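K.L.:
Input file: work.cif. Contents: mmCIF, C-alpha atoms.
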data_model
loop_
_atom_site.label_atom_id
_atom_site.label_comp_id
_atom_site.auth_asym_id
_atom_site.auth_seq_id
_atom_site.Cartn_x
_atom_site.Cartn_y
_atom_site.Cartn_z
CA MET A 1 -27.08 8.26 -34.51
CA LYS A 2 -29.35 8.26 -31.50
CA LYS A 3 -28.11 4.81 -30.59
CA THR A 4 -24.49 5.89 -30.80
CA VAL A 5 -25.21 8.68 -28.36
CA PHE A 6 -26.89 6.17 -26.09
CA TYR A 7 -23.87 3.85 -26.14
CA LEU A 8 -21.53 6.72 -25.43
CA ALA A 9 -23.72 7.85 -22.57
CA PHE A 10 -23.71 4.32 -21.17
CA LEU A 11 -19.93 4.05 -21.35
CA PHE A 12 -19.61 7.45 -19.75
CA PHE A 13 -21.96 6.36 -16.99
CA VAL A 14 -19.92 3.23 -16.32
CA LEU A 15 -16.71 5.25 -16.17
CA LEU A 16 -18.34 7.76 -13.86
CA LEU A 17 -19.55 4.96 -11.62
CA SER A 18 -16.05 3.65 -11.39
CA THR A 19 -14.33 6.95 -10.72
CA SER A 20 -16.79 7.97 -8.03
CA HIS A 21 -15.35 5.18 -5.92
CA PRO A 22 -11.79 5.94 -5.00
CA CYS A 23 -10.98 2.29 -4.99
CA PHE A 24 -8.99 0.08 -7.25
CA ALA A 25 -8.89 -3.46 -8.32
CA HIS A 26 -8.70 -6.75 -6.64
CA LYS A 27 -5.77 -7.39 -4.39
CA VAL A 28 -5.77 -8.23 -0.74
CA ARG A 29 -3.47 -6.55 1.69
CA ILE A 30 -2.82 -6.71 5.40
CA PHE A 31 -1.27 -4.31 7.82
CA ALA A 32 -0.42 -4.68 11.47
CA TRP A 33 0.29 -2.43 14.39
CA GLU A 34 0.77 -2.81 18.10
CA ASN A 35 -1.95 -1.46 20.33
CA GLY A 36 0.04 -1.04 23.51
CA GLU A 37 -1.62 -3.81 25.50
CA GLY A 38 0.65 -6.59 24.41
CA THR A 39 -1.41 -7.45 21.36
CA ILE A 40 -0.79 -6.97 17.66
CA MET A 41 -3.79 -5.82 15.67
CA THR A 42 -4.04 -6.76 12.02
CA GLU A 43 -6.45 -5.46 9.48
CA SER A 44 -6.99 -7.08 6.07
CA LYS A 45 -8.64 -5.29 3.21
CA PHE A 46 -9.20 -5.73 -0.45
CA SER A 47 -7.70 -2.81 -2.24
CA GLY A 48 -11.19 -1.51 -2.95
CA GLY A 49 -11.32 -0.78 0.77
CA ARG A 50 -13.68 -3.61 1.60
CA PRO A 51 -12.67 -5.68 4.60
CA ALA A 52 -11.47 -9.20 3.85
CA LYS A 53 -13.92 -11.22 5.94
CA ASN A 54 -13.19 -14.74 7.10
CA ALA A 55 -9.71 -14.73 5.61
CA THR A 56 -6.97 -16.85 7.15
CA VAL A 57 -4.23 -14.93 8.92
CA SER A 58 -1.13 -16.85 9.86
CA VAL A 59 1.83 -15.59 11.84
CA ILE A 60 5.24 -16.90 10.89
CA GLU A 61 8.54 -16.35 12.64
CA THR A 62 10.91 -14.76 10.12
CA ALA A 63 14.06 -16.21 11.67
CA THR A 64 12.99 -19.86 11.61
CA GLY A 65 10.02 -19.91 9.23
CA LYS A 66 7.99 -21.65 11.93
CA LYS A 67 4.24 -21.04 11.93
CA LEU A 68 3.33 -19.69 15.33
CA LEU A 69 -0.41 -19.23 15.18
CA ALA A 70 -3.29 -18.74 12.77
CA GLY A 71 -6.83 -17.49 12.83
CA LYS A 72 -9.70 -16.02 10.85
CA THR A 73 -10.54 -12.37 10.37
CA ASP A 74 -13.86 -11.04 11.63
CA ASP A 75 -16.48 -9.00 9.74
CA GLN A 76 -14.28 -5.92 9.79
CA GLY A 77 -11.30 -7.85 8.47
CA MET A 78 -9.62 -7.53 11.88
CA TYR A 79 -7.63 -10.19 13.64
CA GLN A 80 -5.60 -9.69 16.81
CA PHE A 81 -3.23 -11.83 18.75
CA ALA A 82 -1.01 -11.51 21.79
CA ILE A 83 2.62 -10.86 20.96
CA PRO A 84 4.15 -14.32 20.93
CA LYS A 85 7.56 -15.21 22.33
CA ILE A 86 9.86 -15.46 19.35
CA THR A 87 13.45 -15.91 18.39
CA GLY A 88 14.71 -12.92 16.50
CA ASN A 89 12.58 -9.84 16.40
CA ALA A 90 10.53 -10.11 13.23
CA LEU A 91 7.24 -11.68 12.26
CA GLU A 92 5.73 -12.42 8.90
CA ILE A 93 1.97 -11.91 9.03
CA VAL A 94 0.33 -13.57 6.03
CA VAL A 95 -3.28 -13.18 4.94
CA ASN A 96 -4.88 -15.63 2.52
CA GLY A 97 -8.29 -14.73 1.18
CA GLY A 98 -8.91 -18.30 0.02
CA ASP A 99 -9.74 -17.06 -3.48
CA GLY A 100 -6.19 -16.83 -4.76
CA HIS A 101 -5.34 -13.59 -3.04
CA LYS A 102 -2.53 -13.53 -0.59
CA ASN A 103 -0.29 -10.92 0.92
CA SER A 104 2.02 -10.47 3.86
CA TRP A 105 3.21 -7.84 6.26
CA HIS A 106 6.67 -7.78 7.76
CA TYR A 107 6.40 -6.85 11.41
CA THR A 108 9.45 -5.87 13.43
CA LEU A 109 9.21 -6.09 17.18
CA ASP A 110 12.09 -3.65 17.67
CA ASP A 111 10.15 -0.77 19.06
CA ALA A 112 7.31 -2.76 20.48
CA PRO A 113 7.90 -3.29 24.19
CA ALA A 114 7.09 -6.76 25.45
CA VAL A 115 5.35 -5.33 28.48
CA PRO A 116 2.19 -6.90 29.81
CA PRO A 117 -0.76 -4.56 30.28
CA ALA A 118 0.00 -2.20 33.10
CA ASP A 119 -2.34 -2.41 36.04
CA ASN A 120 -4.06 0.68 37.25
CA THR A 121 -2.92 -0.01 40.76
CA VAL A 122 0.73 0.73 40.88
CA VAL A 123 2.64 -2.12 42.41
CA GLN A 124 5.66 -1.23 44.37
CA LYS A 125 8.55 -3.32 43.22
CA ASN A 126 11.98 -3.79 44.53
CA SER A 127 13.77 -2.99 41.38
CA GLN A 128 16.97 -4.90 40.93
CA GLN A 129 17.28 -3.92 37.31
CA GLN A 130 19.48 -1.17 36.17
CA THR A 131 17.87 2.08 35.34
CA SER A 132 19.49 4.84 33.45
CA LYS A 133 21.04 7.76 35.20
CA GLN A 134 18.35 10.09 34.08
CA GLN A 135 15.65 7.90 35.50
CA THR A 136 17.34 7.58 38.85
CA ALA A 137 17.71 11.30 38.92
CA GLN A 138 14.03 11.76 38.33
CA ALA A 139 12.93 9.08 40.70
CA PRO A 140 13.10 10.96 44.00
CA ALA A 141 11.17 13.91 42.65
CA VAL A 142 8.41 11.69 41.35
CA SER A 143 8.14 9.44 44.34
CA SER A 144 7.91 12.42 46.62
CA GLY A 145 4.89 13.60 44.64
CA VAL A 146 3.00 10.40 43.97
CA GLY A 147 4.17 8.34 46.83
CA SER A 148 4.39 4.68 45.93
CA CYS A 149 5.73 5.08 42.47
CA ASN A 150 9.26 4.44 41.43
CA ALA A 151 10.95 5.43 38.22
CA GLU A 152 10.67 2.05 36.59
CA ASN A 153 6.96 1.75 37.11
CA LEU A 154 6.46 5.26 35.91
CA THR A 155 8.37 4.69 32.67
CA ARG A 156 6.43 1.54 32.15
CA LEU A 157 3.13 3.32 32.67
CA ILE A 158 4.11 6.10 30.33
CA ASP A 159 5.25 3.59 27.72
CA ALA A 160 2.01 1.65 27.90
CA SER A 161 -0.10 4.76 27.78
CA LEU A 162 1.89 6.18 24.88
CA ASP A 163 1.51 2.93 22.99
CA ARG A 164 -2.22 3.03 23.51
CA LYS A 165 -2.46 6.63 22.40
CA LEU A 166 -0.16 6.07 19.43
CA ALA A 167 -1.96 2.95 18.23
CA PRO A 168 -4.33 4.84 15.89
CA ILE A 169 -1.40 6.78 14.44
CA LYS A 170 0.58 3.58 13.93
CA ARG A 171 -2.44 2.17 12.18
CA VAL A 172 -2.75 5.10 9.81
CA LEU A 173 0.96 4.92 9.09
CA ALA A 174 0.75 1.22 8.40
CA GLU A 175 -2.27 1.73 6.20
CA SER A 176 -0.64 4.46 4.17
CA THR A 177 2.25 2.27 3.04
CA ASP A 178 0.04 0.74 0.38
CA ARG A 179 0.14 2.64 -2.85
CA SER A 180 -2.76 2.59 -5.24
CA PRO A 181 -2.15 2.99 -8.97
CA THR A 182 -1.52 6.57 -9.93
CA LEU A 183 -2.10 8.35 -13.20
CA GLN A 184 1.63 8.06 -13.89
CA ASP A 185 1.42 4.28 -13.60
CA ILE A 186 -1.50 4.14 -15.99
CA LEU A 187 0.02 6.48 -18.55
CA GLY A 188 3.37 4.71 -18.21
CA GLY A 189 1.74 1.38 -18.95
CA ILE A 190 -0.03 2.74 -22.00
CA GLY A 191 3.24 4.21 -23.15
CA TYR A 192 4.91 0.81 -22.88
CA ILE A 193 2.12 -0.78 -24.91
CA LEU A 194 2.53 1.78 -27.67
CA GLY A 195 6.28 1.24 -27.57
CA LEU A 196 5.82 -2.52 -27.95
CA ALA A 197 3.49 -1.90 -30.87
CA GLY A 198 6.21 0.24 -32.43
CA ILE A 199 8.80 -2.52 -31.98
CA ALA A 200 6.44 -5.11 -33.47
CA ALA A 201 5.68 -2.82 -36.40
CA TYR A 202 9.41 -2.24 -36.96
CA PHE A 203 10.24 -5.94 -37.13
CA GLN A 204 7.24 -6.72 -39.30
CA SER A 205 8.18 -3.94 -41.70
CA ARG A 206 11.75 -5.28 -41.96
CA LYS A 207 10.36 -8.69 -42.81
CA HIS A 208 8.06 -6.99 -45.27
CA ASN A 209 10.94 -5.22 -46.97
CA GLN A 210 13.10 -8.30 -47.23
CA GLU A 211 10.44 -10.24 -49.09
CA MET B 1 -8.93 -12.67 -11.10
CA HIS B 2 -5.27 -11.96 -10.50
CA ILE B 3 -3.90 -14.81 -8.43
CA SER B 4 -1.23 -13.58 -6.05
CA GLU B 5 2.36 -14.73 -5.91
CA GLY B 6 3.03 -17.76 -3.74
CA VAL B 7 -0.47 -19.27 -3.85
CA LEU B 8 -0.15 -21.76 -6.69
CA SER B 9 1.98 -24.88 -6.69
CA THR B 10 4.84 -25.39 -9.15
CA PRO B 11 3.06 -27.87 -11.50
CA VAL B 12 0.15 -25.44 -11.87
CA LEU B 13 2.55 -22.58 -12.60
CA ILE B 14 4.38 -24.64 -15.21
CA THR B 15 1.17 -25.78 -16.90
CA GLY B 16 -0.08 -22.21 -17.03
CA GLY B 17 3.25 -21.01 -18.38
CA ALA B 18 3.31 -23.70 -21.09
CA ILE B 19 -0.22 -22.90 -22.27
CA THR B 20 0.67 -19.21 -22.35
CA VAL B 21 3.82 -19.81 -24.41
CA VAL B 22 1.92 -21.91 -26.98
CA GLY B 23 -0.99 -19.46 -27.13
CA THR B 24 1.29 -16.44 -27.45
CA THR B 25 3.32 -18.04 -30.23
CA ILE B 26 0.23 -18.92 -32.25
CA GLY B 27 -1.29 -15.52 -31.49
CA LEU B 28 1.80 -13.65 -32.71
CA LYS B 29 1.97 -15.82 -35.85
CA LYS B 30 -1.62 -14.91 -36.62
CA LEU B 31 -1.10 -11.22 -35.98
CA ASP B 32 -1.22 -9.27 -39.20
CA TYR B 33 1.10 -6.36 -39.92
CA ASP B 34 -1.72 -3.93 -40.63
CA LYS B 35 -3.48 -4.70 -37.37
CA ILE B 36 -0.68 -3.99 -34.93
CA MET B 37 -2.00 -0.57 -33.95
CA THR B 38 -5.58 -1.74 -33.39
CA VAL B 39 -4.31 -4.66 -31.37
CA SER B 40 -2.17 -2.39 -29.21
CA LEU B 41 -5.18 -0.13 -28.66
CA LEU B 42 -7.07 -3.14 -27.35
CA THR B 43 -4.09 -4.06 -25.17
CA ALA B 44 -4.24 -0.62 -23.62
CA THR B 45 -7.98 -1.05 -23.07
CA PHE B 46 -7.46 -4.36 -21.31
CA PHE B 47 -4.63 -2.91 -19.25
CA VAL B 48 -6.78 -0.06 -17.95
CA ALA B 49 -10.01 -2.07 -17.61
CA SER B 50 -8.75 -3.70 -14.43
CA LEU B 51 -8.80 -0.32 -12.74
CA ILE B 52 -12.51 0.05 -13.35
CA HIS B 53 -13.99 -1.10 -10.14
CA VAL B 54 -17.46 -2.57 -9.84
CA PRO B 55 -18.92 -1.55 -6.48
CA LEU B 56 -21.17 -4.60 -6.16
CA GLY B 57 -21.11 -8.05 -4.66
CA PRO B 58 -19.49 -9.41 -1.55
CA GLY B 59 -15.94 -8.57 -2.59
CA SER B 60 -14.40 -5.84 -4.65
CA VAL B 61 -14.27 -6.85 -8.27
CA HIS B 62 -13.12 -5.14 -11.42
CA LEU B 63 -13.77 -5.31 -15.12
CA ILE B 64 -11.69 -7.77 -17.05
CA LEU B 65 -12.94 -7.50 -20.65
CA GLY B 66 -11.60 -10.97 -21.47
CA GLY B 67 -14.71 -11.72 -23.51
CA LEU B 68 -14.32 -8.59 -25.60
CA MET B 69 -10.66 -9.38 -26.25
CA GLY B 70 -11.50 -12.96 -27.21
CA ILE B 71 -14.34 -12.16 -29.55
CA LEU B 72 -12.37 -9.41 -31.30
CA LEU B 73 -8.90 -10.93 -31.34
CA GLY B 74 -9.15 -14.71 -31.43
CA TRP B 75 -5.73 -16.29 -30.81
CA THR B 76 -4.11 -12.85 -30.64
CA CYS B 77 -5.79 -12.38 -27.24
CA PHE B 78 -2.93 -14.41 -25.73
CA PRO B 79 -0.09 -11.95 -26.44
CA VAL B 80 -2.42 -9.03 -25.70
CA ILE B 81 -3.42 -10.35 -22.29
CA LEU B 82 0.16 -11.42 -21.52
CA VAL B 83 1.52 -7.94 -22.16
CA ALA B 84 -1.29 -6.22 -20.27
CA LEU B 85 -0.95 -8.53 -17.26
CA PHE B 86 2.81 -8.10 -17.22
CA LEU B 87 2.42 -4.33 -17.07
CA GLN B 88 -0.30 -4.62 -14.43
CA ALA B 89 2.00 -6.75 -12.29
CA LEU B 90 4.77 -4.22 -12.78
CA PHE B 91 2.82 -1.03 -12.20
CA PHE B 92 -0.15 -1.99 -10.03
CA GLN B 93 1.26 -5.03 -8.19
CA PHE B 94 -1.72 -7.11 -9.35
CA GLY B 95 -0.74 -10.75 -9.59
CA GLY B 96 2.98 -11.16 -10.07
CA ILE B 97 5.74 -12.09 -12.47
CA ILE B 98 6.03 -15.75 -11.46
CA VAL B 99 2.27 -16.34 -11.73
CA LEU B 100 2.09 -14.40 -15.01
CA GLY B 101 1.72 -17.54 -17.12
CA ALA B 102 -1.03 -18.97 -14.94
CA ASN B 103 -2.91 -15.67 -14.81
CA THR B 104 -2.64 -15.24 -18.58
CA THR B 105 -4.03 -18.73 -19.13
CA ILE B 106 -6.86 -18.08 -16.69
CA MET B 107 -8.01 -15.04 -18.66
CA ALA B 108 -6.99 -15.87 -22.23
CA LEU B 109 -8.14 -19.50 -22.51
CA PRO B 110 -11.82 -18.70 -21.79
CA ALA B 111 -11.54 -15.70 -24.12
CA LEU B 112 -10.32 -17.99 -26.90
CA LEU B 113 -13.12 -20.48 -26.22
CA CYS B 114 -15.66 -17.66 -26.39
CA PHE B 115 -14.15 -16.69 -29.75
CA TYR B 116 -14.87 -20.13 -31.19
CA ILE B 117 -18.33 -20.42 -29.63
CA PHE B 118 -19.72 -16.92 -30.15
CA ARG B 119 -17.71 -15.45 -33.00
CA PRO B 120 -19.71 -17.06 -35.85
CA TRP B 121 -22.90 -15.44 -34.52
CA CYS B 122 -21.20 -12.07 -34.53
CA ALA B 123 -20.99 -11.88 -38.31
CA LYS B 124 -24.61 -10.86 -38.72
CA ALA B 125 -25.94 -7.59 -37.42
CA GLY B 126 -28.90 -7.41 -35.10
CA LYS B 127 -30.12 -9.32 -32.10
CA LYS B 128 -27.92 -12.33 -32.75
CA ARG B 129 -24.72 -10.31 -32.59
CA GLN B 130 -25.81 -8.61 -29.39
CA LEU B 131 -26.66 -11.93 -27.80
CA ALA B 132 -23.35 -13.46 -28.87
CA ALA B 133 -21.40 -10.52 -27.49
CA PHE B 134 -23.26 -10.70 -24.19
CA GLY B 135 -22.57 -14.41 -24.03
CA ALA B 136 -18.88 -13.88 -24.68
CA GLY B 137 -18.60 -11.32 -21.88
CA PHE B 138 -20.62 -13.43 -19.47
CA PHE B 139 -19.10 -16.84 -20.10
CA SER B 140 -15.49 -15.67 -20.33
CA ILE B 141 -15.74 -14.49 -16.72
CA LEU B 142 -17.56 -17.61 -15.59
CA LEU B 143 -14.98 -19.88 -17.20
CA SER B 144 -12.12 -17.76 -15.84
CA ALA B 145 -13.57 -18.05 -12.34
CA LEU B 146 -13.84 -21.82 -12.77
CA LEU B 147 -10.23 -21.95 -13.96
CA VAL B 148 -9.15 -20.00 -10.88
CA GLY B 149 -11.02 -22.56 -8.78
CA LEU B 150 -9.30 -25.38 -10.65
CA ALA B 151 -5.85 -23.81 -10.26
CA LEU B 152 -6.43 -23.31 -6.52
CA ALA B 153 -7.79 -26.83 -6.15
CA ALA B 154 -4.74 -28.29 -7.87
CA SER B 155 -2.56 -26.29 -5.49
CA ASP B 156 -4.24 -26.99 -2.17
CA SER B 157 -7.66 -25.64 -1.20
CA GLY B 158 -10.72 -27.71 -2.16
CA PHE B 159 -12.13 -27.01 -5.63
CA LEU B 160 -15.75 -26.53 -4.60
CA GLN B 161 -14.96 -24.05 -1.87
CA ALA B 162 -12.52 -22.01 -3.94
CA ALA B 163 -14.67 -22.09 -7.07
CA ARG B 164 -17.76 -21.09 -5.14
CA LEU B 165 -15.93 -18.17 -3.55
CA VAL B 166 -14.59 -16.89 -6.86
CA VAL B 167 -17.74 -17.51 -8.93
CA VAL B 168 -20.03 -15.86 -6.38
CA ALA B 169 -17.73 -12.84 -6.15
CA HIS B 170 -17.81 -12.48 -9.93
CA ILE B 171 -21.53 -12.87 -10.63
CA PRO B 172 -22.10 -9.10 -10.84
CA VAL B 173 -19.05 -8.74 -13.09
CA MET B 174 -20.37 -11.46 -15.40
CA ILE B 175 -23.57 -9.53 -15.98
CA ILE B 176 -21.87 -6.15 -16.27
CA GLU B 177 -19.21 -7.53 -18.61
CA GLY B 178 -21.92 -9.15 -20.68
CA PHE B 179 -23.60 -5.79 -21.20
CA ILE B 180 -20.37 -3.90 -21.77
CA THR B 181 -19.18 -6.45 -24.33
CA MET B 182 -22.57 -6.24 -26.02
CA PHE B 183 -22.47 -2.46 -26.25
CA ALA B 184 -18.82 -2.37 -27.24
CA VAL B 185 -19.24 -4.89 -30.05
CA SER B 186 -22.38 -3.19 -31.39
CA PHE B 187 -20.67 0.16 -31.18
CA LEU B 188 -17.51 -1.04 -32.92
CA ALA B 189 -19.53 -2.80 -35.61
CA LYS B 190 -21.20 0.50 -36.39
CA VAL B 191 -18.27 2.87 -36.10
CA GLN B 192 -15.10 0.85 -36.76
CA PRO B 193 -16.09 -2.44 -38.41
CA GLU B 194 -12.43 -3.29 -39.04
CA PHE B 195 -12.06 -4.04 -35.33
CA LEU B 196 -14.27 -7.07 -35.87
CA GLU B 197 -11.95 -8.37 -38.57
CA ILE B 198 -8.80 -8.68 -36.42
CA GLY B 199 -9.48 -12.21 -35.23
CA ASN B 200 -10.04 -13.68 -38.68
#
Could you quickly redo this structure as structure tokens?
P.N.:
Amino acid sequence: MKKTVFYLAFLFFVLLLSTSHPCFAHKVRIFAWENGEGTIMTESKFSGGRPAKNATVSVIETATGKKLLAGKTDDQGMYQFAIPKITGNALEIVVNGGDGHKNSWHYTLDDAPAVPPADNTVVQKNSQQQTSKQQTAQAPAVSSGVGSCNAENLTRLIDASLDRKLAPIKRVLAESTDRSPTLQDILGGIGYILGLAGIAAYFQSRKHNQE
Amino acid sequence: MHISEGVLSTPVLITGGAITVVGTTIGLKKLDYDKIMTVSLLTATFFVASLIHVPLGPGSVHLILGGLMGILLGWTCFPVILVALFLQALFFQFGGIIVLGANTTIMALPALLCFYIFRPWCAKAGKKRQLAAFGAGFFSILLSALLVGLALAASDSGFLQAARLVVVAHIPVMIIEGFITMFAVSFLAKVQPEFLEIGN
């Protein structure tokens, strides 16, 4: 009797140990975001939340399937690269843990501006490019205040700064797309198993009756 | 232990699938009518065990309970593990549908081996049974890790590197699974001895 209690206590302890960590089983995942300085940051994690160290990250052009570049993650599972020139606007970022775990992240360059890092010193440019009506309307007001700053430079600065500021938010958003197993999943699975047992029992009983 | 989709080469996938089909057929043939409910209980246990995370070692690893399934179920561990892995792929996105056969082989083949090696020792109560159960838990994981290494080696990465990576990551699980299998078998032998009869 005492031993039974001991076993139960042990099992309980193991379960407790497992639930105290809000982390689930072994799967690697990668997510990527743009940090506003012309680079794409990627972070690879095992689904327990541990960083995937020294894993191979390769970047593949979705349109052509051509491998553009590859590298290894650091101790934090991070790997970053400058936005490459691509055909199309999508990248496939693949992480391979080397131990049979692999995952990918589809990255769309749609909203990511291909702007090089903006210098702190504002360079006056003779803008030949078309700017929208709104921008041209704003331009005189701004340039009168700041001096050597035209509308195009200003938008560019704001874009770059916004990207920098939004990078952490993009990261959190990217991170939150991964779904860990919920109670519904677990109960659903157990339900399926019981259902299968029922089906098996039904067929076996029919066989039983026919004999 | 769940190999992801798109890692293994086609021959490896086919081999794994073939072994799984053979094992599952034999396992279902051997499955007795009266034992369906106990077997499905063990399937549910295996299904959930992968969510129990072991916070040790260089990577994140989870319980597998392959040894326990093997020592209790014998050949029936094939259909049990197949069903559980299928549902895990469906609900938790562990592994995948195409690699299902390979993953089932990786976990069920060592379990079956452990059944033949350790099962005879399990018949007697006492130290011998505990040792056998520990061995089943320990070696099923070790052999599974080696099989993962082999499958990866046959696909592309070098065997030694892949095997080392997987085996090292699973050392804590081997020990923990050994103990859990030991306690579970002793507990079942005391409380529900009919569980130990399923494999025969």
K.L.:
Just to confirm, what's the straight-line distance from CA of His2 (chain B) to CA of Gly95 (chain B) in Å (one decimal)?
P.N.:
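Between CA of His2 (chain B) and CA of Gly95 (chain B) the gap is 4.8 Å.
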K.L.:
Counting all atoms listed in the file, figure out which residue out of A:Asp99, A:Glu152, A:Glu211, A:Glu175 gets nearest to chain B.
P.N.:
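Of A:Asp99, A:Glu152, A:Glu211, A:Glu175, the one nearest chain B is A:Asp99, counting all atoms listed in the file.
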K.L.:
Figure out the distance between CA of Ile97 (chain B) and CA of Leu91 (chain A), please, to one decimal in Å.
P.N.:
24.8 Å
K.L.:
If I take CA of Val59 (chain A) and CA of Gly36 (chain A), how far is one from the other in Å, to one decimal?
P.N.:
18.7 Å
K.L.:
Given the PyMOL selection byres ((chain A and resi 181) around 9) and the file above, list the residues it selects as a ChimeraX atom specification.
P.N.:
/A:24,179-180,182-186 /B:51,91-93
K.L.:
Since I can't run it myself right now, could you work out what the PyMOL selection byres ((chain B and resi 64) around 10) selects here and report it as a PyMOL selection string?
P.N.:
chain B and resi 1+45-53+61-63+65-69+107+137+140-141+173-174+177
K.L.:
Select residues of chain B: the criterion is any atom within 7 Å of an atom of chain A, counting all atoms listed in the file; output as a VMD selection string.
P.N.:
chain B and resid 3 to 4 7 33 36 to 37 40 44 50 to 54 59 to 62 87 91 to 92 94 152 162 165 to 166 183 187
K.L.:
Considering only C-alpha atoms, state which residue in the set A:Gly38, A:Gly65, A:Pro168, A:Gly71 is at the smallest distance from Thr87 (chain A).
P.N.:
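The closest residue to Thr87 (chain A) is A:Gly65.
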K.L.:
Report as a compact mmCIF listing (two decimals) with C-alpha atoms, in the frame of the given file the residues that result from applying the PyMOL selection byres ((chain B and resi 100-103) around 6) to the structure here.
P.N.:
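Saved to part_8.txt:
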# COMPACT_ATOMS: atom_id res chain seq x y z
CA LEU B 13 2.55 -22.58 -12.60
CA GLY B 16 -0.08 -22.21 -17.03
CA GLY B 17 3.25 -21.01 -18.38
CA THR B 20 0.67 -19.21 -22.35
CA GLY B 96 2.98 -11.16 -10.07
CA ILE B 97 5.74 -12.09 -12.47
CA ILE B 98 6.03 -15.75 -11.46
CA VAL B 99 2.27 -16.34 -11.73
CA THR B 104 -2.64 -15.24 -18.58
CA THR B 105 -4.03 -18.73 -19.13
CA ILE B 106 -6.86 -18.08 -16.69
K.L.:
From the set B:Gln88, B:Ser144, B:Ser186, B:Thr76, which residue has the shortest atom-to-atom contact distance to Ala163 (chain B), counting only C-alpha atoms?
P.N.:
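Of the candidates, the smallest distance to Ala163 (chain B) is held by B:Ser144.
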K.L.:
Using 4 Å of padding on each side, determine the axis-aligned box around all atoms of region 39-49 of chain B present in the file and give its centre and edge lengths in Å to one decimal, as lines of an AutoDock Vina configuration file.
P.N.:
center_x = -6.1
center_y = -2.4
center_z = -24.5
size_x = 15.8
size_y = 12.6
size_z = 21.8
